[in-house]
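S.K.: There's a structure below that I have some questions on.
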Amino acid sequence: MSLNQFFPTVQRRALYEGVKDEITRRIHQGMWGAGTMIPNEIELAKLFQVSQGTVRRALHELVEAGLLIRRQGKGTFVNDYGHNRAFTDKQFVRVRPDADGIWRCRSRLVLFEETAASQKTARLLGIAPNSPVIHIRRELMTFAVGAIRETKELVDGFDELFLPKDIFPTLSADMFSEDIRSLYGFYQRRCGVTVTRVEDMAKAALVNPEQAAAAGVSMPYPAIRLHRVSYAVNDRAVELRYLTTITERCHFVFN
């Protein structure tokens, strides 16, 4: 089966881009799941009826994007964000606890609703105004691994997400009520959406009364507000995120 049968207009594009798109499609549709090994270069070249060089360039770009990972002497695997925490932390985690040691974050779902995208949300996500989006709010609590049982989990983050409904058609409140420790690992494993890059902007902010009460601080209280747009391999925006973090216990990391 030739690549043109996958992409009828591939003649107008570089062949390696068509290979990239088809590998990405198969991963997102679950044909090659997170953590699994994909066929080698020879097998892929035969599958798509292209040269090994074309396949090699496509794989190189997907490795650079973080969708795939090479293991010396073993092969090329779909990057599993949920298990490859060192990668996901470096790529996507900007806010970290001040204290040394091993920390873990728990999440609590506060709001899950389907709504219409505002003009601003639609513009940032690259969708039409009033398109259906999933609106989610969470409280985030950080605690030290191995801390004494009496240590209280403190609310130190407030997460607000807008997700295009057509990209997350099966997402439900029950799914999002889980203790999600790796958000992008959750997107990948449960929703078939692999984030490969993010655009971040951080600003100083003050917590609102509801947030101050949840975090146990008095107003006015300073925070960092992270504004993020996340993109998948095809460079489509898949997430608009506003993360407000209490600054007394956390700091912002510039990677």
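How things are named: the first chain in the structure tokens is A, the next is B, and so on; residues count from 1 in each chain; ligands count from 1 in the order shown.
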Quick one: residues within 8 Å of range 79-90 of chain A, only C-alpha atoms, excluding same-chain residues fewer than 6 positions away - as a list of chain:residue names?
M.R.: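 Returned residues: A:Ala34, A:Gly35, A:Gly66, A:Leu67, A:Leu68, A:Ile69, A:Ser182, A:Tyr184, A:Gly185, A:Phe186, A:Gln188, A:Arg189, A:Asn255.
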S.K.: So that I can check the surroundings of Ala58 in chain A, please list as a PyMOL selection string every protein, DNA and RNA residue that reaches within 9 Å of it, counting only C-alpha atoms and ignoring chain neighbours fewer than 4 positions away.
M.R.: chain A and resi 15-21+23+53-54+62-63
S.K.: As a PyMOL selection string, please: the residues near Val207 in chain A (cut-off 9 Å, only C-alpha atoms, same-chain neighbours under 3 positions excluded).
M.R.: chain A and resi 210-212+219-223+244-246
S.K.: Residues as selected, N, CA and C atoms, written as a PDB file, in the first residue's frame, can you do that?
M.R.:
```pdb
ATOM      1  N   GLU A 210     -12.065  33.054  46.909  1.00  0.00           N
ATOM      2  CA  GLU A 210     -12.305  31.610  46.936  1.00  0.00           C
ATOM      3  C   GLU A 210     -10.988  30.838  46.997  1.00  0.00           C
ATOM      4  N   GLN A 211     -10.008  31.283  46.218  1.00  0.00           N
ATOM      5  CA  GLN A 211      -8.709  30.617  46.213  1.00  0.00           C
ATOM      6  C   GLN A 211      -7.977  30.818  47.534  1.00  0.00           C
ATOM      7  N   ALA A 212      -8.054  32.033  48.094  1.00  0.00           N
ATOM      8  CA  ALA A 212      -7.408  32.312  49.370  1.00  0.00           C
ATOM      9  C   ALA A 212      -7.956  31.409  50.475  1.00  0.00           C
ATOM     10  N   MET A 219      -5.967  37.580  52.189  1.00  0.00           N
ATOM     11  CA  MET A 219      -5.854  38.492  51.047  1.00  0.00           C
ATOM     12  C   MET A 219      -5.356  39.863  51.518  1.00  0.00           C
ATOM     13  N   PRO A 220      -4.660  40.595  50.614  1.00  0.00           N
ATOM     14  CA  PRO A 220      -4.231  40.196  49.275  1.00  0.00           C
ATOM     15  C   PRO A 220      -3.034  39.242  49.360  1.00  0.00           C
ATOM     16  N   TYR A 221      -2.990  38.269  48.458  1.00  0.00           N
ATOM     17  CA  TYR A 221      -1.910  37.288  48.495  1.00  0.00           C
ATOM     18  C   TYR A 221      -1.365  37.073  47.089  1.00  0.00           C
ATOM     19  N   PRO A 222      -0.004  37.097  46.943  1.00  0.00           N
ATOM     20  CA  PRO A 222       0.610  37.007  45.608  1.00  0.00           C
ATOM     21  C   PRO A 222       0.600  35.584  45.062  1.00  0.00           C
ATOM     22  N   ALA A 223       0.535  35.493  43.756  1.00  0.00           N
ATOM     23  CA  ALA A 223       0.566  34.202  43.071  1.00  0.00           C
ATOM     24  C   ALA A 223       1.221  34.378  41.713  1.00  0.00           C
ATOM     25  N   THR A 244      -2.862  28.981  38.425  1.00  0.00           N
ATOM     26  CA  THR A 244      -2.529  29.979  39.450  1.00  0.00           C
ATOM     27  C   THR A 244      -1.886  29.261  40.626  1.00  0.00           C
ATOM     28  N   THR A 245      -0.682  29.684  41.008  1.00  0.00           N
ATOM     29  CA  THR A 245       0.096  28.981  42.026  1.00  0.00           C
ATOM     30  C   THR A 245       0.483  29.909  43.162  1.00  0.00           C
ATOM     31  N   ILE A 246       0.276  29.448  44.404  1.00  0.00           N
ATOM     32  CA  ILE A 246       0.704  30.180  45.595  1.00  0.00           C
ATOM     33  C   ILE A 246       2.225  30.243  45.614  1.00  0.00           C
TER      34      ILE A 246
END
```
S.K.: Tell me, in Å to one decimal, how far CA of Pro97 in chain A is from CA of Leu124 in chain A.
M.R.: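 Answer for the CA of Pro97 in chain A to CA of Leu124 in chain A separation: 28.9 Å.
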S.K.: Would you please give, as a compact mmCIF listing (two decimals) with N, CA and C atoms, in the first residue's frame, all residues of range 30-218 of chain A that DSSP assigns to strand (DSSP E or B) based on the backbone?
M.R.:
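Okay, selection.txt is ready:
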```
# COMPACT_ATOMS: atom_id res chain seq x y z
N MET A 37 6.62 -0.66 21.09
CA MET A 37 7.63 -0.48 20.04
C MET A 37 6.95 -0.44 18.69
N LEU A 68 8.10 10.03 20.02
CA LEU A 68 8.80 8.76 20.02
C LEU A 68 10.07 8.86 20.84
N ILE A 69 10.57 7.71 21.29
CA ILE A 69 11.81 7.67 22.04
C ILE A 69 12.62 6.47 21.56
N ARG A 70 13.92 6.68 21.33
CA ARG A 70 14.79 5.59 20.88
C ARG A 70 15.48 4.95 22.08
N ARG A 71 15.54 3.63 22.07
CA ARG A 71 16.27 2.89 23.11
C ARG A 71 17.36 2.09 22.42
N GLY A 75 15.11 -0.47 19.91
CA GLY A 75 14.21 0.01 18.89
C GLY A 75 13.62 1.36 19.22
N THR A 76 12.56 1.72 18.52
CA THR A 76 11.89 3.00 18.70
C THR A 76 10.52 2.75 19.31
N PHE A 77 10.21 3.49 20.37
CA PHE A 77 9.00 3.27 21.14
C PHE A 77 8.16 4.55 21.19
N VAL A 78 6.85 4.38 21.35
CA VAL A 78 5.98 5.52 21.61
C VAL A 78 6.27 6.01 23.02
N VAL A 95 6.11 24.91 37.35
CA VAL A 95 5.98 25.31 38.75
C VAL A 95 6.38 24.15 39.64
N ARG A 96 7.32 24.38 40.55
CA ARG A 96 7.84 23.30 41.39
C ARG A 96 7.95 23.77 42.84
N PRO A 97 7.90 22.84 43.80
CA PRO A 97 8.02 23.21 45.22
C PRO A 97 9.39 23.78 45.53
N TRP A 103 8.56 15.18 45.71
CA TRP A 103 7.22 15.72 45.92
C TRP A 103 6.23 15.10 44.96
N ARG A 104 4.99 15.08 45.37
CA ARG A 104 3.93 14.55 44.53
C ARG A 104 2.75 15.51 44.59
N CYS A 105 2.03 15.55 43.51
CA CYS A 105 0.88 16.45 43.45
C CYS A 105 -0.41 15.65 43.31
N ARG A 106 -1.40 15.99 44.11
CA ARG A 106 -2.73 15.41 43.98
C ARG A 106 -3.65 16.48 43.40
N SER A 107 -4.71 16.03 42.77
CA SER A 107 -5.67 16.96 42.19
C SER A 107 -7.07 16.64 42.67
N ARG A 108 -7.88 17.68 42.77
CA ARG A 108 -9.28 17.53 43.16
C ARG A 108 -10.14 18.26 42.15
N LEU A 109 -11.08 17.54 41.53
CA LEU A 109 -11.95 18.15 40.54
C LEU A 109 -12.98 19.06 41.21
N VAL A 110 -13.07 20.28 40.73
CA VAL A 110 -14.01 21.26 41.28
C VAL A 110 -15.16 21.52 40.30
N LEU A 111 -14.85 21.54 39.01
CA LEU A 111 -15.87 21.86 38.00
C LEU A 111 -15.57 21.08 36.72
N PHE A 112 -16.61 20.53 36.11
CA PHE A 112 -16.48 19.88 34.80
C PHE A 112 -17.77 20.18 34.04
N GLU A 113 -17.66 20.93 32.95
CA GLU A 113 -18.85 21.30 32.19
C GLU A 113 -18.52 21.47 30.72
N GLU A 114 -19.51 21.25 29.89
CA GLU A 114 -19.37 21.56 28.47
C GLU A 114 -20.01 22.92 28.23
N THR A 115 -19.29 23.79 27.55
CA THR A 115 -19.77 25.13 27.31
C THR A 115 -19.35 25.59 25.93
N ALA A 116 -19.74 26.82 25.57
CA ALA A 116 -19.36 27.39 24.28
C ALA A 116 -18.11 28.25 24.44
N PRO A 132 -18.04 23.98 20.89
CA PRO A 132 -18.10 23.32 22.20
C PRO A 132 -16.71 23.04 22.76
N VAL A 133 -16.54 23.42 24.01
CA VAL A 133 -15.29 23.14 24.73
C VAL A 133 -15.65 22.55 26.09
N ILE A 134 -14.72 21.80 26.65
CA ILE A 134 -14.86 21.27 28.00
C ILE A 134 -14.12 22.20 28.94
N HIS A 135 -14.82 22.70 29.94
CA HIS A 135 -14.26 23.63 30.92
C HIS A 135 -14.07 22.88 32.24
N ILE A 136 -12.83 22.89 32.73
CA ILE A 136 -12.48 22.12 33.93
C ILE A 136 -11.76 23.03 34.92
N ARG A 137 -12.10 22.87 36.19
CA ARG A 137 -11.35 23.52 37.25
C ARG A 137 -10.90 22.46 38.26
N ARG A 138 -9.65 22.59 38.71
CA ARG A 138 -9.11 21.64 39.69
C ARG A 138 -8.36 22.41 40.77
N GLU A 139 -8.31 21.83 41.97
CA GLU A 139 -7.41 22.28 43.02
C GLU A 139 -6.24 21.31 43.07
N LEU A 140 -5.04 21.84 43.21
CA LEU A 140 -3.82 21.03 43.24
C LEU A 140 -3.20 21.11 44.62
N MET A 141 -2.77 19.95 45.13
CA MET A 141 -2.17 19.87 46.45
C MET A 141 -0.82 19.17 46.36
N THR A 142 0.21 19.78 46.89
CA THR A 142 1.55 19.21 46.84
C THR A 142 1.93 18.69 48.22
N PHE A 143 2.55 17.52 48.25
CA PHE A 143 3.01 16.97 49.53
C PHE A 143 4.31 16.21 49.31
N ALA A 144 5.09 16.09 50.38
CA ALA A 144 6.38 15.41 50.31
C ALA A 144 6.18 13.90 50.43
N LEU A 154 -1.57 20.74 51.43
CA LEU A 154 -1.99 22.13 51.29
C LEU A 154 -2.35 22.43 49.84
N VAL A 155 -3.46 23.11 49.65
CA VAL A 155 -3.83 23.56 48.31
C VAL A 155 -2.90 24.69 47.92
N ASP A 156 -2.14 24.48 46.85
CA ASP A 156 -1.21 25.53 46.43
C ASP A 156 -1.32 25.84 44.94
N GLY A 157 -2.32 25.25 44.28
CA GLY A 157 -2.49 25.54 42.87
C GLY A 157 -3.94 25.44 42.44
N PHE A 158 -4.31 26.26 41.47
CA PHE A 158 -5.68 26.28 40.94
C PHE A 158 -5.58 26.21 39.42
N ASP A 159 -6.10 25.13 38.87
CA ASP A 159 -5.95 24.81 37.46
C ASP A 159 -7.28 25.03 36.74
N GLU A 160 -7.25 25.77 35.64
CA GLU A 160 -8.43 25.98 34.82
C GLU A 160 -8.10 25.61 33.39
N LEU A 161 -8.88 24.69 32.81
CA LEU A 161 -8.60 24.14 31.50
C LEU A 161 -9.77 24.35 30.55
N PHE A 162 -9.45 24.58 29.28
CA PHE A 162 -10.43 24.60 28.21
C PHE A 162 -9.93 23.66 27.12
N LEU A 163 -10.72 22.61 26.83
CA LEU A 163 -10.32 21.58 25.88
C LEU A 163 -11.35 21.49 24.75
N PRO A 164 -10.91 21.53 23.49
CA PRO A 164 -11.87 21.40 22.38
C PRO A 164 -12.61 20.06 22.47
N VAL A 195 0.55 15.72 23.70
CA VAL A 195 1.05 17.09 23.64
C VAL A 195 2.55 17.05 23.36
N THR A 196 3.00 17.84 22.38
CA THR A 196 4.42 17.85 22.04
C THR A 196 5.11 19.17 22.34
N ARG A 197 4.34 20.24 22.42
CA ARG A 197 4.97 21.52 22.78
C ARG A 197 3.94 22.42 23.43
N VAL A 198 4.45 23.38 24.20
CA VAL A 198 3.57 24.34 24.87
C VAL A 198 4.13 25.74 24.69
N GLU A 199 3.23 26.71 24.70
CA GLU A 199 3.62 28.12 24.71
C GLU A 199 3.15 28.71 26.02
N ASP A 200 4.09 29.19 26.84
CA ASP A 200 3.79 29.67 28.18
C ASP A 200 4.03 31.17 28.31
N MET A 201 3.22 31.78 29.14
CA MET A 201 3.42 33.17 29.55
C MET A 201 3.05 33.26 31.03
N ALA A 202 3.96 33.79 31.85
CA ALA A 202 3.70 33.88 33.29
C ALA A 202 3.57 35.34 33.71
N LYS A 203 2.62 35.58 34.62
CA LYS A 203 2.40 36.93 35.13
C LYS A 203 2.18 36.87 36.64
N ALA A 204 2.53 37.97 37.31
CA ALA A 204 2.19 38.10 38.72
C ALA A 204 0.69 38.33 38.85
N ALA A 205 0.10 37.77 39.91
CA ALA A 205 -1.34 37.91 40.12
C ALA A 205 -1.64 37.87 41.61
N LEU A 206 -2.89 38.15 41.95
CA LEU A 206 -3.38 38.01 43.32
C LEU A 206 -4.47 36.94 43.33
```
S.K.: Could you tell me how far CA of Ser230 in chain A sits from CA of Ala128 in chain A, in Å to one decimal place?
M.R.: 17.5 Å
S.K.: Ranking A:Ile167, A:Ala237, A:Ile38, A:Ala213 by minimum distance to Cys191 in chain A and counting only C-alpha atoms, which one comes first?
M.R.: A:Ile167
S.K.: How would you write, as a list in words, the set of residues in range 79-192 of chain A that DSSP gives as alpha helix (DSSP H)?
M.R.: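 For range 79-192 of chain A, the alpha helix (DSSP H) set is Arg85, Ala86, Phe87, Thr88, Asp89, Lys90, Gln91, Phe92, Gln119, Lys120, Thr121, Ala122, Arg123, Leu124, Leu125, Ala173, Asp174, Met175, Phe176, Leu183, Tyr184, Gly185, Phe186, Tyr187, Gln188, Arg189, Arg190 and Cys191 of chain A.
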S.K.: So what do you get for CA of Ile27 in chain A versus CA of Val229 in chain A, distance-wise?
M.R.: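 So the answer is 21.9 Å.
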